[in-house]
$ cat final04.tsv   # TSV, C-alpha atoms
chain	number	residue	atom	x	y	z
L	1183	MET	CA	-177.39	-74.08	-103.94
L	1184	ILE	CA	-177.30	-72.95	-107.61
L	1185	LEU	CA	-177.14	-69.27	-106.62
L	1186	ASP	CA	-173.66	-67.75	-107.05
L	1187	LYS	CA	-171.61	-68.01	-103.83
L	1188	LYS	CA	-170.71	-64.32	-103.93
L	1189	ILE	CA	-174.42	-63.42	-103.89
L	1190	GLN	CA	-175.07	-65.87	-101.04
L	1191	ILE	CA	-172.33	-64.25	-98.95
L	1192	PHE	CA	-173.56	-60.75	-99.82
L	1193	LEU	CA	-177.11	-61.58	-98.72
L	1194	ALA	CA	-175.87	-63.06	-95.46
L	1195	ILE	CA	-173.80	-59.93	-94.68
L	1196	ALA	CA	-176.73	-57.66	-95.52
L	1197	GLU	CA	-178.97	-59.63	-93.16
L	1198	ASN	CA	-176.40	-59.88	-90.35
L	1199	GLY	CA	-175.01	-56.36	-90.66
L	1200	SER	CA	-171.53	-57.76	-90.02
L	1201	PHE	CA	-168.68	-59.37	-91.97
L	1202	SER	CA	-167.37	-61.18	-88.88
L	1203	ARG	CA	-170.78	-62.52	-87.84
L	1204	THR	CA	-171.36	-63.79	-91.37
L	1205	ALA	CA	-167.97	-65.49	-91.41
L	1206	ARG	CA	-168.84	-67.36	-88.21
L	1207	GLN	CA	-172.30	-68.29	-89.49
L	1208	LEU	CA	-170.94	-69.66	-92.79
L	1209	SER	CA	-167.85	-71.25	-91.18
L	1210	LEU	CA	-165.55	-69.17	-93.38
L	1211	SER	CA	-162.60	-66.94	-92.53
L	1212	GLN	CA	-163.30	-63.21	-92.61
L	1213	SER	CA	-160.67	-62.78	-95.32
L	1214	VAL	CA	-162.55	-65.22	-97.59
L	1215	VAL	CA	-165.81	-63.33	-97.00
L	1216	SER	CA	-164.11	-60.01	-97.81
L	1217	PHE	CA	-162.50	-61.53	-100.93
L	1218	HIS	CA	-165.91	-62.59	-102.33
L	1219	ILE	CA	-167.46	-59.18	-101.65
L	1220	ASP	CA	-164.51	-57.38	-103.27
L	1221	ALA	CA	-164.83	-59.66	-106.29
L	1222	LEU	CA	-168.58	-59.01	-106.50
L	1223	GLU	CA	-168.14	-55.23	-106.28
L	1224	LYS	CA	-165.48	-55.30	-109.02
L	1225	GLU	CA	-167.68	-57.53	-111.18
L	1226	LEU	CA	-170.68	-55.19	-110.83
L	1227	GLY	CA	-168.64	-51.99	-110.88
L	1228	VAL	CA	-170.37	-50.55	-107.80
L	1229	ALA	CA	-169.78	-50.29	-104.05
L	1230	LEU	CA	-172.27	-52.41	-102.11
L	1231	PHE	CA	-171.41	-51.40	-98.55
L	1232	LYS	CA	-170.58	-48.18	-96.75
L	1233	ARG	CA	-167.80	-48.92	-94.27
L	1234	GLN	CA	-167.65	-46.60	-91.25
L	1235	GLY	CA	-165.20	-47.93	-88.67
L	1236	ARG	CA	-166.57	-51.28	-87.50
L	1237	SER	CA	-170.10	-50.61	-88.73
L	1238	ILE	CA	-171.40	-51.19	-92.25
L	1239	SER	CA	-174.53	-50.27	-94.15
L	1240	LEU	CA	-175.82	-50.87	-97.66
L	1241	THR	CA	-175.28	-48.33	-100.41
L	1242	GLN	CA	-178.17	-47.51	-102.74
L	1243	GLU	CA	-176.79	-50.11	-105.15
L	1244	GLY	CA	-176.46	-52.56	-102.27
L	1245	GLU	CA	-180.10	-52.04	-101.30
L	1246	LEU	CA	-181.16	-52.77	-104.88
L	1247	LEU	CA	-179.06	-55.94	-105.05
L	1248	PHE	CA	-180.32	-57.09	-101.64
L	1249	LYS	CA	-183.96	-56.63	-102.67
L	1250	ASN	CA	-183.54	-58.52	-105.92
L	1251	GLY	CA	-181.00	-60.97	-104.52
L	1252	LYS	CA	-183.53	-62.29	-102.01
L	1253	LYS	CA	-185.90	-62.97	-104.89
L	1254	LEU	CA	-183.11	-64.75	-106.77
L	1255	ALA	CA	-182.36	-66.90	-103.70
L	1256	ARG	CA	-186.01	-67.90	-103.33
L	1257	ASP	CA	-186.28	-68.65	-107.06
L	1258	ALA	CA	-183.08	-70.72	-106.94
L	1259	ARG	CA	-184.42	-72.73	-104.01
L	1260	GLU	CA	-187.72	-73.34	-105.81
L	1261	VAL	CA	-185.85	-74.54	-108.91
L	1262	GLU	CA	-183.75	-76.89	-106.77
L	1263	ASN	CA	-186.87	-78.25	-105.08
L	1264	GLU	CA	-188.63	-78.81	-108.41
L	1265	LEU	CA	-185.59	-80.55	-109.89
L	1266	SER	CA	-185.41	-82.71	-106.79
L	1267	SER	CA	-189.10	-83.60	-107.08
L	1268	LEU	CA	-188.66	-84.69	-110.69
L	1269	SER	CA	-185.63	-86.85	-110.02
L	1270	ASN	CA	-185.85	-90.56	-109.26
L	1271	HIS	CA	-183.55	-90.37	-106.25
L	1272	ILE	CA	-183.87	-88.66	-102.86
L	1273	GLU	CA	-182.33	-85.19	-102.64
L	1274	ASN	CA	-179.86	-85.60	-99.80
L	1275	ARG	CA	-179.63	-82.07	-98.46
L	1276	ILE	CA	-181.44	-80.56	-95.49
L	1277	PHE	CA	-181.29	-76.86	-94.61
L	1278	LEU	CA	-181.56	-76.47	-90.84
L	1279	GLY	CA	-181.90	-73.54	-88.46
L	1280	GLY	CA	-182.17	-73.17	-84.71
L	1281	ASP	CA	-181.63	-71.09	-81.61
L	1282	ALA	CA	-178.64	-71.01	-79.27
L	1283	LEU	CA	-179.11	-73.83	-76.77
L	1284	THR	CA	-180.93	-76.18	-79.13
L	1285	CYS	CA	-178.18	-75.91	-81.70
L	1286	MET	CA	-175.32	-76.25	-79.23
L	1287	PHE	CA	-176.55	-79.32	-77.40
L	1288	THR	CA	-179.63	-81.06	-78.82
L	1289	LEU	CA	-178.88	-80.73	-82.54
L	1290	PRO	CA	-175.33	-82.21	-82.66
L	1291	TRP	CA	-176.37	-85.46	-80.96
L	1292	THR	CA	-179.48	-85.68	-83.13
L	1293	LEU	CA	-177.44	-85.34	-86.33
L	1294	ALA	CA	-174.81	-87.79	-85.10
L	1295	SER	CA	-177.47	-90.41	-84.43
L	1296	TYR	CA	-179.22	-89.78	-87.76
L	1297	SER	CA	-175.97	-89.91	-89.74
L	1298	THR	CA	-175.21	-93.43	-88.56
L	1299	GLU	CA	-178.33	-94.60	-90.41
L	1300	HIS	CA	-178.22	-92.04	-93.25
L	1301	PRO	CA	-174.55	-91.26	-94.00
L	1302	GLU	CA	-175.44	-89.90	-97.44
L	1303	THR	CA	-177.43	-86.95	-96.05
L	1304	VAL	CA	-175.73	-83.54	-96.08
L	1305	PHE	CA	-176.82	-80.74	-93.73
L	1306	ALA	CA	-176.52	-76.96	-93.97
L	1307	TYR	CA	-177.10	-75.11	-90.73
L	1308	GLN	CA	-177.86	-71.50	-89.72
L	1309	HIS	CA	-177.86	-70.17	-86.15
L	1310	LEU	CA	-180.92	-67.89	-86.15
L	1311	ASN	CA	-182.47	-65.53	-83.64
L	1312	HIS	CA	-186.19	-65.42	-82.85
L	1313	GLU	CA	-186.97	-62.73	-85.42
L	1314	ASP	CA	-185.24	-64.45	-88.34
L	1315	LEU	CA	-186.53	-67.98	-87.75
L	1316	LYS	CA	-190.10	-67.36	-88.85
L	1317	THR	CA	-189.10	-65.33	-91.91
L	1318	LYS	CA	-186.62	-67.90	-93.19
L	1319	ILE	CA	-189.03	-70.80	-92.65
L	1320	LEU	CA	-191.82	-69.00	-94.55
L	1321	ASN	CA	-189.44	-67.93	-97.35
L	1322	GLY	CA	-188.18	-71.49	-97.79
L	1323	ASP	CA	-184.59	-70.56	-96.91
L	1324	VAL	CA	-184.69	-73.17	-94.12
L	1325	ASP	CA	-186.38	-76.58	-94.37
L	1326	LEU	CA	-186.61	-77.22	-90.63
L	1327	ALA	CA	-185.74	-75.46	-87.40
L	1328	LEU	CA	-185.37	-76.60	-83.80
L	1329	THR	CA	-186.35	-73.93	-81.28
L	1330	GLY	CA	-187.03	-73.62	-77.58
L	1331	HIS	CA	-190.47	-72.12	-78.23
L	1332	PRO	CA	-193.39	-72.74	-80.60
L	1333	ILE	CA	-193.93	-70.46	-83.60
L	1334	ARG	CA	-197.51	-69.23	-83.81
L	1335	ASP	CA	-198.50	-68.92	-87.46
L	1336	ARG	CA	-201.17	-70.66	-89.51
L	1337	LYS	CA	-198.61	-71.36	-92.26
L	1338	ILE	CA	-196.13	-73.03	-89.89
L	1339	SER	CA	-196.21	-76.45	-88.27
L	1340	SER	CA	-194.80	-76.41	-84.72
L	1341	GLN	CA	-194.43	-79.77	-82.96
L	1342	GLN	CA	-192.83	-80.68	-79.64
L	1343	CYS	CA	-189.98	-83.15	-80.05
L	1344	PHE	CA	-187.66	-82.88	-77.01
L	1345	CYS	CA	-187.91	-81.84	-73.39
L	1346	ASP	CA	-184.94	-80.58	-71.31
L	1347	GLU	CA	-184.90	-80.03	-67.56
L	1348	ILE	CA	-183.74	-76.56	-66.52
L	1349	ILE	CA	-181.92	-76.44	-63.19
L	1350	LEU	CA	-180.29	-73.81	-60.98
L	1351	VAL	CA	-176.53	-74.27	-60.69
L	1352	ALA	CA	-173.75	-72.78	-58.59
L	1353	GLY	CA	-169.97	-73.05	-58.38
L	1354	PRO	CA	-168.11	-76.10	-57.03
L	1355	ASN	CA	-168.00	-74.73	-53.46
L	1356	TYR	CA	-171.78	-74.70	-53.05
L	1357	ASN	CA	-172.81	-76.68	-49.93
L	1358	GLY	CA	-175.82	-78.39	-51.52
L	1359	ALA	CA	-178.53	-76.94	-49.27
L	1360	PRO	CA	-181.89	-76.51	-51.05
L	1361	LEU	CA	-183.33	-73.02	-51.57
L	1362	THR	CA	-186.85	-71.66	-51.45
L	1363	ILE	CA	-188.30	-69.51	-54.22
L	1364	LYS	CA	-187.85	-66.54	-51.86
L	1365	ASP	CA	-184.15	-67.38	-51.57
L	1366	VAL	CA	-183.88	-67.28	-55.37
L	1367	GLN	CA	-184.85	-63.60	-55.27
L	1368	ASP	CA	-181.92	-62.86	-52.94
L	1369	ILE	CA	-179.05	-64.59	-54.76
L	1370	PRO	CA	-176.93	-63.02	-57.53
L	1371	LEU	CA	-178.06	-64.43	-60.88
L	1372	ILE	CA	-176.23	-64.64	-64.18
L	1373	TRP	CA	-178.84	-64.49	-66.93
L	1374	ALA	CA	-178.45	-66.34	-70.24
L	1375	LYS	CA	-179.13	-63.98	-73.14
L	1376	GLY	CA	-179.69	-64.89	-76.76
L	1377	ASP	CA	-182.03	-67.86	-76.30
L	1378	TYR	CA	-185.59	-66.61	-76.62
L	1379	GLY	CA	-187.17	-69.91	-75.56
L	1380	LEU	CA	-185.18	-70.16	-72.33
L	1381	GLU	CA	-185.79	-66.51	-71.39
L	1382	LEU	CA	-189.51	-66.89	-72.08
L	1383	LEU	CA	-189.73	-70.06	-69.95
L	1384	LEU	CA	-187.84	-68.59	-66.99
L	1385	THR	CA	-189.78	-65.33	-67.02
L	1386	ARG	CA	-193.13	-67.16	-67.09
L	1387	GLU	CA	-192.45	-70.04	-64.70
L	1388	LEU	CA	-190.54	-68.08	-62.06
L	1389	ALA	CA	-193.35	-65.55	-61.96
L	1390	LYS	CA	-195.86	-68.37	-61.44
L	1391	ALA	CA	-193.77	-69.64	-58.52
L	1392	GLY	CA	-193.71	-66.18	-56.96
L	1393	ALA	CA	-190.38	-64.79	-58.17
L	1394	ASN	CA	-191.17	-62.01	-60.62
L	1395	ILE	CA	-188.25	-61.20	-62.89
L	1396	ILE	CA	-188.22	-57.54	-61.80
L	1397	ASN	CA	-187.48	-58.70	-58.24
L	1398	LEU	CA	-184.57	-60.97	-59.19
L	1399	LYS	CA	-181.00	-59.83	-58.55
L	1400	ILE	CA	-179.71	-60.17	-62.11
L	1401	PHE	CA	-176.31	-58.55	-61.95
L	1402	MET	CA	-174.93	-59.91	-65.23
L	1403	GLU	CA	-176.36	-60.90	-68.62
L	1404	VAL	CA	-174.19	-63.16	-70.76
L	1405	GLU	CA	-174.50	-64.31	-74.37
L	1406	GLY	CA	-172.74	-67.64	-74.83
L	1407	ILE	CA	-173.18	-70.64	-72.59
L	1408	ALA	CA	-169.45	-71.45	-72.33
L	1409	MET	CA	-168.66	-68.01	-70.88
L	1410	LEU	CA	-171.69	-68.14	-68.58
L	1411	LYS	CA	-170.60	-71.51	-67.15
L	1412	ASN	CA	-167.13	-70.11	-66.44
L	1413	PHE	CA	-168.60	-67.22	-64.46
L	1414	VAL	CA	-170.67	-69.63	-62.37
L	1415	ARG	CA	-167.64	-71.92	-61.80
L	1416	ALA	CA	-165.73	-68.90	-60.52
L	1417	GLY	CA	-168.39	-68.38	-57.85
L	1418	ILE	CA	-169.63	-65.05	-59.19
L	1419	GLY	CA	-173.28	-66.09	-59.17
L	1420	TYR	CA	-175.94	-68.68	-59.92
L	1421	ALA	CA	-177.58	-69.49	-63.26
L	1422	PHE	CA	-180.52	-71.41	-64.69
L	1423	LEU	CA	-179.28	-73.80	-67.39
L	1424	PRO	CA	-180.48	-76.95	-69.19
L	1425	ARG	CA	-179.18	-80.11	-67.54
L	1426	VAL	CA	-178.11	-81.40	-70.96
L	1427	ALA	CA	-175.80	-78.38	-71.31
L	1428	ILE	CA	-173.86	-79.03	-68.10
L	1429	GLY	CA	-173.71	-82.83	-67.80
L	1430	ASP	CA	-169.91	-82.97	-67.82
L	1431	GLU	CA	-169.55	-80.13	-65.31
L	1432	LEU	CA	-171.97	-81.82	-62.91
L	1433	SER	CA	-170.22	-85.19	-63.27
L	1434	PHE	CA	-166.82	-83.70	-62.40
L	1435	ASN	CA	-168.18	-81.40	-59.68
L	1436	LEU	CA	-167.18	-78.29	-61.61
L	1437	LEU	CA	-170.74	-77.05	-61.10
L	1438	LYS	CA	-173.26	-77.99	-58.41
L	1439	GLU	CA	-177.00	-78.39	-58.80
L	1440	VAL	CA	-178.99	-76.17	-56.45
L	1441	PRO	CA	-182.39	-77.67	-55.53
L	1442	VAL	CA	-185.23	-75.14	-55.35
L	1443	LYS	CA	-188.23	-76.33	-53.33
L	1444	GLY	CA	-191.43	-76.51	-55.36
L	1445	LEU	CA	-189.79	-75.46	-58.63
L	1446	LYS	CA	-189.60	-77.78	-61.65
L	1447	LEU	CA	-188.64	-76.27	-64.99
L	1448	GLU	CA	-188.83	-77.99	-68.37
L	1449	ARG	CA	-187.81	-76.46	-71.65
L	1450	LYS	CA	-189.67	-77.94	-74.61
L	1451	THR	CA	-187.95	-78.02	-77.98
L	1452	HIS	CA	-190.14	-77.59	-81.05
L	1453	LEU	CA	-189.60	-78.78	-84.60
L	1454	ILE	CA	-190.96	-76.21	-87.04
L	1455	HIS	CA	-191.42	-76.16	-90.80
L	1456	SER	CA	-193.62	-74.52	-93.41
L	1457	LYS	CA	-196.96	-76.14	-94.17
L	1458	ASP	CA	-197.11	-74.67	-97.67
L	1459	LYS	CA	-193.67	-75.38	-99.13
L	1460	HIS	CA	-192.84	-78.57	-100.99
L	1461	MET	CA	-191.09	-80.99	-98.63
L	1462	ARG	CA	-188.47	-83.30	-100.10
L	1463	ASP	CA	-188.44	-86.97	-99.16
L	1464	THR	CA	-185.20	-86.71	-97.20
L	1465	VAL	CA	-186.69	-83.92	-95.05
L	1466	LYS	CA	-189.72	-86.09	-94.33
L	1467	GLU	CA	-187.43	-88.96	-93.33
L	1468	PHE	CA	-185.51	-86.73	-90.93
L	1469	ILE	CA	-188.73	-85.52	-89.28
L	1470	GLU	CA	-189.90	-89.10	-88.88
L	1471	PHE	CA	-186.55	-90.08	-87.40
L	1472	ILE	CA	-186.75	-87.33	-84.78
L	1473	HIS	CA	-190.24	-88.34	-83.69
L	1474	THR	CA	-189.50	-92.06	-83.51
L	1475	HIS	CA	-185.85	-92.31	-82.43
L	1476	ILE	CA	-184.79	-89.26	-80.42
L	1477	HIS	CA	-186.56	-89.03	-77.06
L	1478	PRO	CA	-190.05	-89.56	-78.47
L	1479	GLN	CA	-192.78	-87.73	-76.53
L	1480	LYS	CA	-196.15	-89.11	-75.56
L	1481	ASP	CA	-197.75	-86.08	-77.20
L	1482	ASN	CA	-196.17	-85.16	-80.50
L	1483	GLY	CA	-199.27	-83.44	-81.74
L	1484	GLU	CA	-199.22	-80.11	-83.43
L	1485	GLU	CA	-199.64	-77.11	-81.16

$ encode --input "final04.tsv" --output "structure tokens"
Amino acid sequence: MILDKKIQIFLAIAENGSFSRTARQLSLSQSVVSFHIDALEKELGVALFKRQGRSISLTQEGELLFKNGKKLARDAREVENELSSLSNHIENRIFLGGDALTCMFTLPWTLASYSTEHPETVFAYQHLNHEDLKTKILNGDVDLALTGHPIRDRKISSQQCFCDEIILVAGPNYNGAPLTIKDVQDIPLIWAKGDYGLELLLTRELAKAGANIINLKIFMEVEGIAMLKNFVRAGIGYAFLPRVAIGDELSFNLLKEVPVKGLKLERKTHLIHSKDKHMRDTVKEFIEFIHTHIHPQKDNGEE
């Protein structure tokens, strides 16, 4: 991106409200992030953040730079897109976003498969929550996003592209006996937080089957699938997880699938992008690849 790197890092911190979270998102060390912000503050001669313990907030000058910096970022992206359109070669960069489970499991294998045919393509990726996804797609900060739920907006295209089975799992000592939906209300559950699509699916489908979420014994909520799987392996409780996320654990009997009579859960992954923004050729190729190579669905129509 032609926008100065210090401004890019500043905008990311202002949006995240955290130096450490920004460092993880941008795959940088926290010291590098701090170095760029210090350099930017010295260059501008103003303080951009108020630091109070572990929390930060924007100063008045920071608010002004954030407001205008977002405009600069959008303008820079538009200039890049226009330059790409005028060139005779395909612009080989794709800006991706996605939610927790999609990005951890579906996206890596998709990119690995695509890269074998298109090694020249470079990807930039942002892990985004439900609130940020729509905004960044509409602003043009992200070309495409993979999410576990459709985005309802007349300016956004939302198409189903994958389908994952969600299963109930227990620790390695589980005896394998199937449960009823009534049994599910009596077992200790570990709930996966941070994936809007999965939470929405479980809340809706369990209620349809007769297990309202308010009646479930959710004794722990966990952000991060790796930590959640460790809790289940230790025998602390049960959890609903995508089969694709626990294939190795099931193969080595580190986790056990728990059949639930009459319950079948499927999590649909959606490919979303703006209808109004200019789409570069390489982005179009990637969309076509997903629909024709990676688990193509019978119905790929727009929702």

$ atom_distance --input "final04.tsv" --atom1 "atom CA of L:Glu1431" --atom2 "atom CA of L:Ile1348"
14.7 Å

$ atom_distance --input "final04.tsv" --atom1 "atom CA of L:Arg1449" --atom2 "atom CA of L:Phe1344"
8.4 Å

$ closest_residue --input "final04.tsv" --among "L:Val1426, L:Leu1310, L:Leu1254, L:Leu1247" --to "L:Leu1328" --atoms "all atoms listed in the file"
L:Leu1310

$ closest_residue --input "final04.tsv" --among "L:Gln1367, L:Gln1234, L:Ser1295, L:Thr1385" --to "L:Asn1397" --atoms "only C-alpha atoms"
L:Gln1367

$ atom_distance --input "final04.tsv" --atom1 "atom CA of L:Ala1194" --atom2 "atom CA of L:Gln1341"
27.9 Å

$ closest_atom_pairs --input "final04.tsv" --of "stretch 1318-1418 of chain L" --to "stretch 1439-1447 of chain L" --cutoff "6 Å" --atoms "all atoms listed in the file" --output "JSON lines"
{"residue": "L:Glu1347", "atom": "CA", "partner": "L:Leu1447", "partner_atom": "CA", "distance": 5.9}
{"residue": "L:Ile1348", "atom": "CA", "partner": "L:Leu1447", "partner_atom": "CA", "distance": 5.1}
{"residue": "L:Leu1350", "atom": "CA", "partner": "L:Val1440", "partner_atom": "CA", "distance": 5.3}
{"residue": "L:Val1351", "atom": "CA", "partner": "L:Glu1439", "partner_atom": "CA", "distance": 4.6}
{"residue": "L:Pro1360", "atom": "CA", "partner": "L:Pro1441", "partner_atom": "CA", "distance": 4.7}
{"residue": "L:Leu1361", "atom": "CA", "partner": "L:Val1442", "partner_atom": "CA", "distance": 4.7}
{"residue": "L:Thr1362", "atom": "CA", "partner": "L:Lys1443", "partner_atom": "CA", "distance": 5.2}

$ write_last_selection --input "final04.tsv" --atoms "C-alpha atoms" --output "CSV table (one decimal), keeping the file's coordinate frame"
chain,number,residue,atom,x,y,z
L,1347,GLU,CA,-184.9,-80.0,-67.6
L,1348,ILE,CA,-183.7,-76.6,-66.5
L,1350,LEU,CA,-180.3,-73.8,-61.0
L,1351,VAL,CA,-176.5,-74.3,-60.7
L,1360,PRO,CA,-181.9,-76.5,-51.0
L,1361,LEU,CA,-183.3,-73.0,-51.6
L,1362,THR,CA,-186.8,-71.7,-51.4

$ closest_residue --input "final04.tsv" --among "L:His1473, L:Glu1381, L:Phe1248, L:His1460" --to "L:Leu1320" --atoms "all atoms listed in the file"
L:His1460

$ closest_residue --input "final04.tsv" --among "L:Val1324, L:Cys1343, L:Ile1195, L:Ile1189" --to "L:Ser1456" --atoms "all atoms listed in the file"
L:Val1324

$ closest_residue --input "final04.tsv" --among "L:Ala1196, L:Ala1327, L:Leu1371, L:Glu1299" --to "L:Lys1249" --atoms "all atoms listed in the file"
L:Ala1196

$ closest_residue --input "final04.tsv" --among "L:Asn1274, L:Ala1393, L:Leu1437, L:Leu1289" --to "L:Thr1303" --atoms "only C-alpha atoms"
L:Asn1274

$ residues_around --input "final04.tsv" --residues "L:Gly1280" --least-positions-apart "3" --cutoff "8 Å" --atoms "all atoms listed in the file" --output "PDB file with C-alpha atoms, in the coordinates of the input"
ATOM      1  CA  THR L1284    -180.930 -76.180 -79.130  1.00  0.00           C
ATOM      2  CA  CYS L1285    -178.180 -75.910 -81.700  1.00  0.00           C
ATOM      3  CA  GLN L1308    -177.860 -71.500 -89.720  1.00  0.00           C
ATOM      4  CA  HIS L1309    -177.860 -70.170 -86.150  1.00  0.00           C
ATOM      5  CA  LEU L1310    -180.920 -67.890 -86.150  1.00  0.00           C
ATOM      6  CA  ASN L1311    -182.470 -65.530 -83.640  1.00  0.00           C
ATOM      7  CA  LEU L1315    -186.530 -67.980 -87.750  1.00  0.00           C
ATOM      8  CA  ALA L1327    -185.740 -75.460 -87.400  1.00  0.00           C
ATOM      9  CA  LEU L1328    -185.370 -76.600 -83.800  1.00  0.00           C
ATOM     10  CA  THR L1329    -186.350 -73.930 -81.280  1.00  0.00           C
TER      11      THR L1329
END

$ residues_around --input "final04.tsv" --residues "L:Leu1208" --least-positions-apart "3" --cutoff "12 Å" --atoms "all atoms listed in the file" --output "compact mmCIF listing (two decimals) with C-alpha atoms, in the frame of the given file"
# COMPACT_ATOMS: atom_id res chain seq x y z
CA LYS L 1187 -171.61 -68.01 -103.83
CA GLN L 1190 -175.07 -65.87 -101.04
CA ILE L 1191 -172.33 -64.25 -98.95
CA PHE L 1192 -173.56 -60.75 -99.82
CA LEU L 1193 -177.11 -61.58 -98.72
CA ALA L 1194 -175.87 -63.06 -95.46
CA ILE L 1195 -173.80 -59.93 -94.68
CA ASN L 1198 -176.40 -59.88 -90.35
CA PHE L 1201 -168.68 -59.37 -91.97
CA SER L 1202 -167.37 -61.18 -88.88
CA ARG L 1203 -170.78 -62.52 -87.84
CA THR L 1204 -171.36 -63.79 -91.37
CA ALA L 1205 -167.97 -65.49 -91.41
CA SER L 1211 -162.60 -66.94 -92.53
CA GLN L 1212 -163.30 -63.21 -92.61
CA VAL L 1214 -162.55 -65.22 -97.59
CA VAL L 1215 -165.81 -63.33 -97.00
CA ALA L 1306 -176.52 -76.96 -93.97
CA TYR L 1307 -177.10 -75.11 -90.73
CA GLN L 1308 -177.86 -71.50 -89.72
CA HIS L 1309 -177.86 -70.17 -86.15

$ axis_aligned_box --input "final04.tsv" --around "stretch 1400-1418 of chain L" --padding-each-side "6 Å" --output "lines of an AutoDock Vina configuration file"
center_x = -172.7
center_y = -65.2
center_z = -66.3
size_x = 26.0
size_y = 25.4
size_z = 29.0
